[in-house]
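K.L.:
This is entry_4.cif, which holds mmCIF, N, CA and C atoms:
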```cif
data_input
#
loop_
_atom_site.label_atom_id
_atom_site.label_comp_id
_atom_site.auth_asym_id
_atom_site.auth_seq_id
_atom_site.Cartn_x
_atom_site.Cartn_y
_atom_site.Cartn_z
N MET A 1 0.85 -1.18 0.00
CA MET A 1 0.00 0.00 0.00
C MET A 1 0.89 1.24 0.00
N VAL A 2 0.53 2.20 -0.79
CA VAL A 2 1.30 3.43 -0.90
C VAL A 2 0.69 4.47 0.03
N ASP A 3 1.54 5.07 0.83
CA ASP A 3 1.08 6.10 1.76
C ASP A 3 1.51 7.46 1.20
N THR A 4 0.55 8.29 0.88
CA THR A 4 0.85 9.61 0.34
C THR A 4 0.48 10.65 1.37
N GLN A 5 1.42 11.53 1.63
CA GLN A 5 1.17 12.58 2.61
C GLN A 5 1.02 13.91 1.89
N HIS A 6 -0.07 14.61 2.16
CA HIS A 6 -0.32 15.92 1.59
C HIS A 6 -0.20 16.95 2.69
N THR A 7 0.53 17.98 2.42
CA THR A 7 0.67 19.04 3.41
C THR A 7 0.10 20.33 2.85
N VAL A 8 -0.47 21.09 3.70
CA VAL A 8 -1.00 22.40 3.33
C VAL A 8 -0.06 23.44 3.91
N PRO A 9 0.44 24.36 3.08
CA PRO A 9 1.35 25.37 3.59
C PRO A 9 0.65 26.30 4.59
N THR A 10 1.39 26.77 5.54
CA THR A 10 0.86 27.70 6.53
C THR A 10 1.52 29.05 6.34
N PRO A 11 0.86 30.12 6.81
CA PRO A 11 1.43 31.47 6.65
C PRO A 11 2.79 31.65 7.30
N GLN A 12 3.18 30.75 8.21
CA GLN A 12 4.48 30.87 8.85
C GLN A 12 5.62 30.42 7.94
N GLU A 13 5.29 29.62 6.93
CA GLU A 13 6.31 29.13 6.00
C GLU A 13 6.63 30.20 4.96
N PRO A 14 7.91 30.30 4.53
CA PRO A 14 8.23 31.27 3.48
C PRO A 14 7.57 30.86 2.16
N ASN A 15 7.12 31.84 1.41
CA ASN A 15 6.49 31.63 0.09
C ASN A 15 5.22 30.78 0.15
N TRP A 16 4.52 30.81 1.25
CA TRP A 16 3.32 29.99 1.38
C TRP A 16 2.24 30.39 0.38
N TRP A 17 2.15 31.68 0.05
CA TRP A 17 1.11 32.14 -0.87
C TRP A 17 1.35 31.60 -2.28
N THR A 18 2.61 31.63 -2.72
CA THR A 18 2.90 31.14 -4.07
C THR A 18 2.63 29.65 -4.17
N THR A 19 2.80 28.91 -3.09
CA THR A 19 2.52 27.48 -3.11
C THR A 19 1.04 27.23 -3.33
N LEU A 20 0.21 28.05 -2.70
CA LEU A 20 -1.23 27.90 -2.91
C LEU A 20 -1.65 28.41 -4.29
N TYR A 21 -0.99 29.45 -4.75
CA TYR A 21 -1.36 30.11 -6.00
C TYR A 21 -0.88 29.36 -7.24
N ASP A 22 0.19 28.60 -7.13
CA ASP A 22 0.82 27.94 -8.29
C ASP A 22 -0.14 27.14 -9.17
N PRO A 23 -0.98 26.27 -8.62
CA PRO A 23 -1.87 25.49 -9.50
C PRO A 23 -2.86 26.35 -10.28
N LEU A 24 -3.17 27.54 -9.79
CA LEU A 24 -4.15 28.40 -10.44
C LEU A 24 -3.53 29.45 -11.34
N ARG A 25 -2.22 29.56 -11.34
CA ARG A 25 -1.53 30.64 -12.04
C ARG A 25 -1.86 30.70 -13.53
N HIS A 26 -1.95 29.57 -14.19
CA HIS A 26 -2.19 29.55 -15.63
C HIS A 26 -3.62 29.15 -15.98
N LEU A 27 -4.50 29.19 -15.01
CA LEU A 27 -5.88 28.77 -15.24
C LEU A 27 -6.58 29.64 -16.28
N GLY A 28 -6.37 30.96 -16.23
CA GLY A 28 -6.99 31.86 -17.21
C GLY A 28 -6.59 31.52 -18.62
N ARG A 29 -5.30 31.23 -18.84
CA ARG A 29 -4.82 30.87 -20.17
C ARG A 29 -5.42 29.54 -20.61
N ARG A 30 -5.54 28.59 -19.69
CA ARG A 30 -6.13 27.30 -20.04
C ARG A 30 -7.60 27.44 -20.43
N ILE A 31 -8.33 28.28 -19.71
CA ILE A 31 -9.73 28.52 -20.06
C ILE A 31 -9.82 29.19 -21.43
N ALA A 32 -8.98 30.18 -21.68
CA ALA A 32 -8.98 30.87 -22.98
C ALA A 32 -8.63 29.88 -24.10
N ASP A 33 -7.66 29.00 -23.88
CA ASP A 33 -7.31 28.00 -24.89
C ASP A 33 -8.47 27.05 -25.17
N PHE A 34 -9.27 26.77 -24.15
CA PHE A 34 -10.41 25.87 -24.29
C PHE A 34 -11.42 26.43 -25.29
N PHE A 35 -11.60 27.77 -25.30
CA PHE A 35 -12.56 28.40 -26.20
C PHE A 35 -11.93 28.89 -27.49
N THR A 36 -10.64 28.73 -27.67
CA THR A 36 -9.96 29.24 -28.86
C THR A 36 -10.17 28.29 -30.03
N PRO A 37 -10.73 28.78 -31.11
CA PRO A 37 -10.95 27.89 -32.27
C PRO A 37 -9.65 27.57 -32.98
N ASP A 38 -9.61 26.39 -33.61
CA ASP A 38 -8.45 25.97 -34.38
C ASP A 38 -8.37 26.79 -35.67
N ALA A 39 -7.14 27.04 -36.12
CA ALA A 39 -6.95 27.83 -37.34
C ALA A 39 -5.77 27.27 -38.13
N ASP A 40 -5.82 27.49 -39.44
CA ASP A 40 -4.71 27.17 -40.34
C ASP A 40 -4.35 28.47 -41.07
N ALA A 41 -3.07 28.67 -41.32
CA ALA A 41 -2.62 29.83 -42.10
C ALA A 41 -1.73 29.32 -43.22
N ALA A 42 -1.94 29.88 -44.41
CA ALA A 42 -1.16 29.45 -45.58
C ALA A 42 -0.93 30.66 -46.47
N ALA A 43 0.02 30.52 -47.37
CA ALA A 43 0.32 31.60 -48.33
C ALA A 43 0.26 31.04 -49.74
N THR A 44 -0.27 31.87 -50.63
CA THR A 44 -0.24 31.57 -52.05
C THR A 44 0.61 32.65 -52.70
N GLU A 45 0.69 32.63 -54.01
CA GLU A 45 1.50 33.63 -54.70
C GLU A 45 1.00 35.05 -54.50
N ASP A 46 -0.34 35.19 -54.41
CA ASP A 46 -0.90 36.54 -54.35
C ASP A 46 -1.67 36.88 -53.07
N ALA A 47 -1.76 35.92 -52.11
CA ALA A 47 -2.53 36.20 -50.90
C ALA A 47 -2.12 35.31 -49.74
N TYR A 48 -2.52 35.74 -48.54
CA TYR A 48 -2.41 34.92 -47.34
C TYR A 48 -3.82 34.45 -47.01
N GLU A 49 -3.95 33.21 -46.55
CA GLU A 49 -5.27 32.67 -46.26
C GLU A 49 -5.28 32.06 -44.87
N ILE A 50 -6.28 32.46 -44.09
CA ILE A 50 -6.48 31.92 -42.75
C ILE A 50 -7.85 31.26 -42.72
N THR A 51 -7.90 30.02 -42.26
CA THR A 51 -9.18 29.32 -42.11
C THR A 51 -9.34 28.95 -40.64
N MET A 52 -10.55 29.13 -40.15
CA MET A 52 -10.85 28.81 -38.75
C MET A 52 -12.10 27.96 -38.68
N GLU A 53 -12.05 26.94 -37.86
CA GLU A 53 -13.20 26.08 -37.62
C GLU A 53 -14.08 26.73 -36.56
N LEU A 54 -15.33 27.01 -36.91
CA LEU A 54 -16.25 27.66 -35.98
C LEU A 54 -17.61 26.94 -35.99
N PRO A 55 -17.62 25.64 -35.69
CA PRO A 55 -18.89 24.92 -35.73
C PRO A 55 -19.85 25.44 -34.66
N GLY A 56 -21.10 25.61 -35.07
CA GLY A 56 -22.11 26.05 -34.12
C GLY A 56 -22.14 27.55 -33.87
N VAL A 57 -21.28 28.30 -34.55
CA VAL A 57 -21.24 29.75 -34.40
C VAL A 57 -21.99 30.37 -35.57
N ALA A 58 -22.89 31.29 -35.27
CA ALA A 58 -23.64 31.97 -36.33
C ALA A 58 -22.77 33.03 -36.97
N GLU A 59 -22.94 33.22 -38.28
CA GLU A 59 -22.16 34.24 -38.99
C GLU A 59 -22.35 35.62 -38.37
N SER A 60 -23.54 35.90 -37.87
CA SER A 60 -23.82 37.21 -37.27
C SER A 60 -23.08 37.40 -35.94
N ASP A 61 -22.54 36.33 -35.36
CA ASP A 61 -21.81 36.42 -34.10
C ASP A 61 -20.30 36.46 -34.30
N ILE A 62 -19.85 36.68 -35.54
CA ILE A 62 -18.42 36.72 -35.86
C ILE A 62 -18.06 38.13 -36.32
N SER A 63 -16.91 38.62 -35.85
CA SER A 63 -16.40 39.93 -36.27
C SER A 63 -14.95 39.76 -36.71
N VAL A 64 -14.61 40.33 -37.87
CA VAL A 64 -13.24 40.31 -38.40
C VAL A 64 -12.80 41.75 -38.56
N GLU A 65 -11.68 42.11 -37.93
CA GLU A 65 -11.18 43.48 -37.98
C GLU A 65 -9.68 43.49 -38.27
N VAL A 66 -9.23 44.55 -38.94
CA VAL A 66 -7.80 44.77 -39.17
C VAL A 66 -7.44 46.12 -38.59
N HIS A 67 -6.40 46.13 -37.74
CA HIS A 67 -5.94 47.38 -37.13
C HIS A 67 -4.45 47.23 -36.82
N ASP A 68 -3.67 48.22 -37.21
CA ASP A 68 -2.23 48.23 -36.94
C ASP A 68 -1.55 46.93 -37.37
N ASN A 69 -1.84 46.49 -38.59
CA ASN A 69 -1.22 45.30 -39.16
C ASN A 69 -1.51 44.02 -38.36
N ARG A 70 -2.65 44.01 -37.67
CA ARG A 70 -3.08 42.85 -36.91
C ARG A 70 -4.53 42.53 -37.29
N LEU A 71 -4.76 41.27 -37.65
CA LEU A 71 -6.09 40.79 -38.00
C LEU A 71 -6.68 40.12 -36.76
N THR A 72 -7.86 40.53 -36.34
CA THR A 72 -8.48 39.98 -35.14
C THR A 72 -9.85 39.41 -35.48
N VAL A 73 -10.08 38.18 -35.03
CA VAL A 73 -11.37 37.52 -35.20
C VAL A 73 -11.95 37.31 -33.82
N THR A 74 -13.16 37.84 -33.59
CA THR A 74 -13.85 37.63 -32.32
C THR A 74 -15.23 37.08 -32.61
N GLY A 75 -15.79 36.43 -31.63
CA GLY A 75 -17.12 35.89 -31.80
C GLY A 75 -17.61 35.21 -30.55
N GLU A 76 -18.77 34.61 -30.68
CA GLU A 76 -19.36 33.92 -29.53
C GLU A 76 -20.23 32.78 -30.00
N LYS A 77 -20.05 31.65 -29.34
CA LYS A 77 -20.92 30.50 -29.58
C LYS A 77 -21.94 30.51 -28.45
N LYS A 78 -23.19 30.66 -28.82
CA LYS A 78 -24.24 30.81 -27.82
C LYS A 78 -24.94 29.49 -27.54
N SER A 79 -25.40 29.35 -26.33
CA SER A 79 -26.10 28.15 -25.90
C SER A 79 -27.59 28.41 -25.83
N ARG A 80 -28.36 27.48 -26.34
CA ARG A 80 -29.82 27.58 -26.23
C ARG A 80 -30.33 26.24 -25.71
N HIS A 81 -30.69 26.21 -24.44
CA HIS A 81 -31.22 24.99 -23.84
C HIS A 81 -32.66 25.24 -23.39
N GLU A 82 -33.61 24.75 -24.15
CA GLU A 82 -35.02 24.87 -23.79
C GLU A 82 -35.67 23.50 -23.84
N GLU A 83 -34.91 22.49 -23.48
CA GLU A 83 -35.42 21.13 -23.54
C GLU A 83 -36.03 20.75 -22.21
N GLN A 84 -37.23 20.21 -22.26
CA GLN A 84 -37.92 19.82 -21.03
C GLN A 84 -37.96 18.30 -20.94
N GLY A 85 -37.89 17.82 -19.72
CA GLY A 85 -38.01 16.38 -19.49
C GLY A 85 -36.78 15.59 -19.84
N ARG A 86 -35.63 16.25 -19.97
CA ARG A 86 -34.40 15.57 -20.33
C ARG A 86 -33.40 15.67 -19.18
N THR A 87 -32.76 14.57 -18.86
CA THR A 87 -31.73 14.57 -17.84
C THR A 87 -30.39 14.36 -18.52
N TYR A 88 -29.48 15.30 -18.31
CA TYR A 88 -28.15 15.20 -18.91
C TYR A 88 -27.20 14.51 -17.95
N TYR A 89 -26.46 13.54 -18.47
CA TYR A 89 -25.43 12.90 -17.68
C TYR A 89 -24.08 13.53 -17.94
N PHE A 90 -23.90 14.08 -19.12
CA PHE A 90 -22.71 14.87 -19.43
C PHE A 90 -23.00 15.70 -20.67
N SER A 91 -22.22 16.77 -20.84
CA SER A 91 -22.33 17.61 -22.02
C SER A 91 -20.93 18.00 -22.42
N GLU A 92 -20.56 17.74 -23.67
CA GLU A 92 -19.21 18.03 -24.15
C GLU A 92 -19.19 19.23 -25.09
N ARG A 93 -20.30 19.88 -25.28
CA ARG A 93 -20.34 21.05 -26.14
C ARG A 93 -19.88 22.27 -25.36
N THR A 94 -19.15 23.15 -26.04
CA THR A 94 -18.64 24.34 -25.37
C THR A 94 -19.33 25.58 -25.92
N TYR A 95 -19.50 26.55 -25.05
CA TYR A 95 -20.12 27.82 -25.39
C TYR A 95 -19.30 28.93 -24.78
N GLY A 96 -19.28 30.06 -25.44
CA GLY A 96 -18.58 31.20 -24.88
C GLY A 96 -17.95 32.05 -25.97
N ALA A 97 -17.33 33.14 -25.53
CA ALA A 97 -16.69 34.08 -26.44
C ALA A 97 -15.28 33.60 -26.79
N PHE A 98 -14.81 33.99 -27.96
CA PHE A 98 -13.45 33.66 -28.37
C PHE A 98 -12.84 34.86 -29.07
N ARG A 99 -11.50 34.86 -29.13
CA ARG A 99 -10.75 35.93 -29.81
C ARG A 99 -9.44 35.34 -30.29
N ARG A 100 -9.14 35.54 -31.57
CA ARG A 100 -7.86 35.13 -32.14
C ARG A 100 -7.29 36.33 -32.86
N ALA A 101 -5.99 36.56 -32.70
CA ALA A 101 -5.33 37.68 -33.38
C ALA A 101 -4.14 37.13 -34.16
N PHE A 102 -3.92 37.70 -35.35
CA PHE A 102 -2.83 37.28 -36.22
C PHE A 102 -2.08 38.53 -36.69
N ARG A 103 -0.78 38.54 -36.52
CA ARG A 103 0.03 39.64 -37.05
C ARG A 103 0.21 39.41 -38.54
N LEU A 104 -0.12 40.44 -39.33
CA LEU A 104 -0.02 40.31 -40.78
C LEU A 104 1.43 40.56 -41.22
N PRO A 105 1.90 39.82 -42.22
CA PRO A 105 3.26 40.04 -42.74
C PRO A 105 3.38 41.43 -43.36
N ASP A 106 4.60 41.91 -43.49
CA ASP A 106 4.85 43.25 -44.02
C ASP A 106 4.34 43.44 -45.44
N ASP A 107 4.31 42.36 -46.23
CA ASP A 107 3.87 42.50 -47.61
C ASP A 107 2.37 42.26 -47.80
N SER A 108 1.59 42.27 -46.70
CA SER A 108 0.15 42.09 -46.84
C SER A 108 -0.53 43.44 -47.07
N ASP A 109 -1.64 43.42 -47.79
CA ASP A 109 -2.40 44.62 -48.10
C ASP A 109 -3.64 44.64 -47.19
N ALA A 110 -3.55 45.37 -46.09
CA ALA A 110 -4.63 45.41 -45.11
C ALA A 110 -5.91 46.03 -45.66
N ASP A 111 -5.84 46.71 -46.81
CA ASP A 111 -7.02 47.28 -47.44
C ASP A 111 -7.75 46.28 -48.32
N LYS A 112 -7.15 45.12 -48.54
CA LYS A 112 -7.76 44.10 -49.39
C LYS A 112 -7.90 42.79 -48.62
N VAL A 113 -8.88 42.78 -47.71
CA VAL A 113 -9.17 41.60 -46.90
C VAL A 113 -10.58 41.14 -47.23
N HIS A 114 -10.73 39.85 -47.49
CA HIS A 114 -12.04 39.29 -47.81
C HIS A 114 -12.29 38.12 -46.87
N ALA A 115 -13.50 38.07 -46.28
CA ALA A 115 -13.87 36.97 -45.38
C ALA A 115 -15.13 36.30 -45.90
N SER A 116 -15.16 34.97 -45.81
CA SER A 116 -16.36 34.21 -46.18
C SER A 116 -16.59 33.14 -45.13
N PHE A 117 -17.85 32.72 -44.99
CA PHE A 117 -18.21 31.75 -43.95
C PHE A 117 -19.15 30.72 -44.57
N LYS A 118 -18.74 29.44 -44.51
CA LYS A 118 -19.55 28.37 -45.08
C LYS A 118 -19.32 27.08 -44.30
N ASP A 119 -20.41 26.42 -43.94
CA ASP A 119 -20.37 25.12 -43.25
C ASP A 119 -19.51 25.16 -41.99
N GLY A 120 -19.59 26.26 -41.24
CA GLY A 120 -18.85 26.35 -39.98
C GLY A 120 -17.38 26.66 -40.12
N VAL A 121 -16.95 27.04 -41.31
CA VAL A 121 -15.53 27.37 -41.54
C VAL A 121 -15.44 28.81 -42.03
N LEU A 122 -14.67 29.62 -41.32
CA LEU A 122 -14.41 31.00 -41.71
C LEU A 122 -13.12 31.03 -42.52
N THR A 123 -13.17 31.62 -43.71
CA THR A 123 -11.99 31.74 -44.57
C THR A 123 -11.71 33.22 -44.78
N ILE A 124 -10.49 33.63 -44.45
CA ILE A 124 -10.09 35.03 -44.60
C ILE A 124 -8.92 35.07 -45.57
N LYS A 125 -9.03 35.91 -46.59
CA LYS A 125 -7.94 36.08 -47.56
C LYS A 125 -7.44 37.51 -47.48
N VAL A 126 -6.13 37.65 -47.32
CA VAL A 126 -5.48 38.95 -47.26
C VAL A 126 -4.55 39.03 -48.46
N ALA A 127 -4.82 39.99 -49.34
CA ALA A 127 -4.00 40.13 -50.55
C ALA A 127 -2.59 40.56 -50.19
N LYS A 128 -1.66 40.13 -51.03
CA LYS A 128 -0.27 40.59 -50.89
C LYS A 128 -0.10 41.86 -51.71
N LEU A 129 0.79 42.73 -51.26
CA LEU A 129 1.11 43.93 -52.03
C LEU A 129 1.78 43.51 -53.32
N ALA A 130 1.66 44.34 -54.35
CA ALA A 130 2.32 44.05 -55.62
C ALA A 130 3.81 43.85 -55.37
N ASN A 131 4.40 42.97 -56.11
CA ASN A 131 5.81 42.65 -55.91
C ASN A 131 6.68 43.90 -56.09
N GLN A 132 7.07 44.47 -54.98
CA GLN A 132 7.88 45.68 -54.99
C GLN A 132 9.26 45.41 -54.42
N ALA A 133 9.71 44.18 -54.57
CA ALA A 133 11.00 43.82 -54.01
C ALA A 133 12.12 44.56 -54.75
N ALA A 134 12.84 45.31 -54.00
CA ALA A 134 13.96 46.05 -54.58
C ALA A 134 15.17 45.11 -54.68
N ALA A 135 15.97 45.37 -55.67
CA ALA A 135 17.18 44.56 -55.84
C ALA A 135 18.12 44.84 -54.68
N PRO A 136 18.84 43.83 -54.22
CA PRO A 136 19.77 44.05 -53.12
C PRO A 136 20.83 45.07 -53.50
N ARG A 137 21.21 45.87 -52.57
CA ARG A 137 22.20 46.92 -52.80
C ARG A 137 23.41 46.60 -51.95
N LYS A 138 24.56 46.54 -52.56
CA LYS A 138 25.79 46.22 -51.84
C LYS A 138 26.24 47.46 -51.05
N ILE A 139 26.62 47.24 -49.83
CA ILE A 139 27.08 48.30 -48.94
C ILE A 139 28.59 48.17 -48.79
N GLU A 140 29.27 49.24 -49.10
CA GLU A 140 30.73 49.24 -48.96
C GLU A 140 31.10 49.38 -47.49
N ILE A 141 32.12 48.67 -47.10
CA ILE A 141 32.60 48.72 -45.72
C ILE A 141 33.81 49.62 -45.69
N SER A 142 33.75 50.64 -44.87
CA SER A 142 34.88 51.56 -44.79
C SER A 142 35.85 51.09 -43.71
N ARG A 143 37.10 51.45 -43.88
CA ARG A 143 38.10 51.10 -42.88
C ARG A 143 38.22 52.25 -41.90
N SER A 144 38.11 51.93 -40.66
CA SER A 144 38.16 52.98 -39.64
C SER A 144 39.53 53.11 -39.04
#
```
Rewrite the structure from the file as structure tokens, please.

P.N.:
Amino acid sequence: MVDTQHTVPTPQEPNWWTTLYDPLRHLGRRIADFFTPDADAAATEDAYEITMELPGVAESDISVEVHDNRLTVTGEKKSRHEEQGRTYYFSERTYGAFRRAFRLPDDSDADKVHASFKDGVLTIKVAKLANQAAAPRKIEISRS
């Protein structure tokens, strides 16, 4: 038989508060990750494409914004339970607000963003700027 001893820190011990706080320290991030939808990002010759799985989210509950070279998708999956006479033993569906932000590459055109929503999948296309790549310029090194 294995004997496990659990101790509870007391205020007289050094760092007792951090010992109690440690298990909860990252709880907010874990909850946020739980509601964060999965996304894929890819590049083509003329655009960047982001797809997000948003099953059960209404198109009217999704917002796509671009500000300071950052694309932000926010939304909410709402719960509607009006079932009578049913006993639930468990529920694995999640509801709540979500937010995902993506930093756009330097060659993206924030004025040319298109979003579409079909079958629970949000697709966002961000056009690339016209190929304005300048030829490399050699820099002379001076002797000091």

K.L.:
Given the choices A:Phe117, A:Gly96, A:Asp61, A:Ala101, which gets closest to Val73 of chain A if the distance is worked out from only N, CA and C atoms?

P.N.:
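Of the candidates, the smallest distance to Val73 of chain A is held by A:Ala101.
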
K.L.:
What separation in Å, quoted to one decimal, exists between atom C of Ala127 of chain A and atom C of His114 of chain A?

P.N.:
10.5 Å

K.L.:
Out of A:Val66, A:Leu122, A:Ala115, A:Leu71, which residue has the shortest atom-to-atom distance to Glu53 of chain A when counting only N, CA and C atoms?

P.N.:
A:Leu122

K.L.:
Take the PyMOL selection byres ((chain A and resi 97) around 7), apply it to the structure above, and return the hits as a VMD selection string.

P.N.:
chain A and resid 35 to 36 74 to 77 95 to 96 98 to 99

K.L.:
Nearest residue to Asp68 of chain A out of A:Leu104, A:Ala42, A:Ile139, A:Ile124, using all atoms listed in the file?

P.N.:
A:Leu104

K.L.:
Using the chain letters and numbers from this file, what does the PyMOL selection byres ((chain A and resi 47) around 7) select? Give the answer as a PyMOL selection string.

P.N.:
chain A and resi 42-46+48-49+125-128

K.L.:
When you draw a straight line from atom CA of Asn69 of chain A to atom CA of Asp119 of chain A, how long is it in Å?

P.N.:
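A separation of 28.1 Å between them.
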
K.L.:
Which residues come within 8 Å of Leu54 of chain A, counting only C-alpha atoms, excluding same-chain residues fewer than 3 positions away, as a ChimeraX atom specification?

P.N.:
/A:37,57,120-122

K.L.:
Would you work out the distance separating atom CA of Lys138 of chain A from atom CA of Ser108 of chain A, expressed in Å to one decimal?

P.N.:
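Atom CA of Lys138 of chain A sits 26.4 Å away from atom CA of Ser108 of chain A.
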
K.L.:
Restricting the calculation to all atoms listed in the file: of A:Ala41, A:Lys78, A:Leu129, A:Thr72, which residue gets closest to Ala58 of chain A?

P.N.:
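Using all atoms listed in the file, the shortest distance to Ala58 of chain A belongs to A:Lys78.
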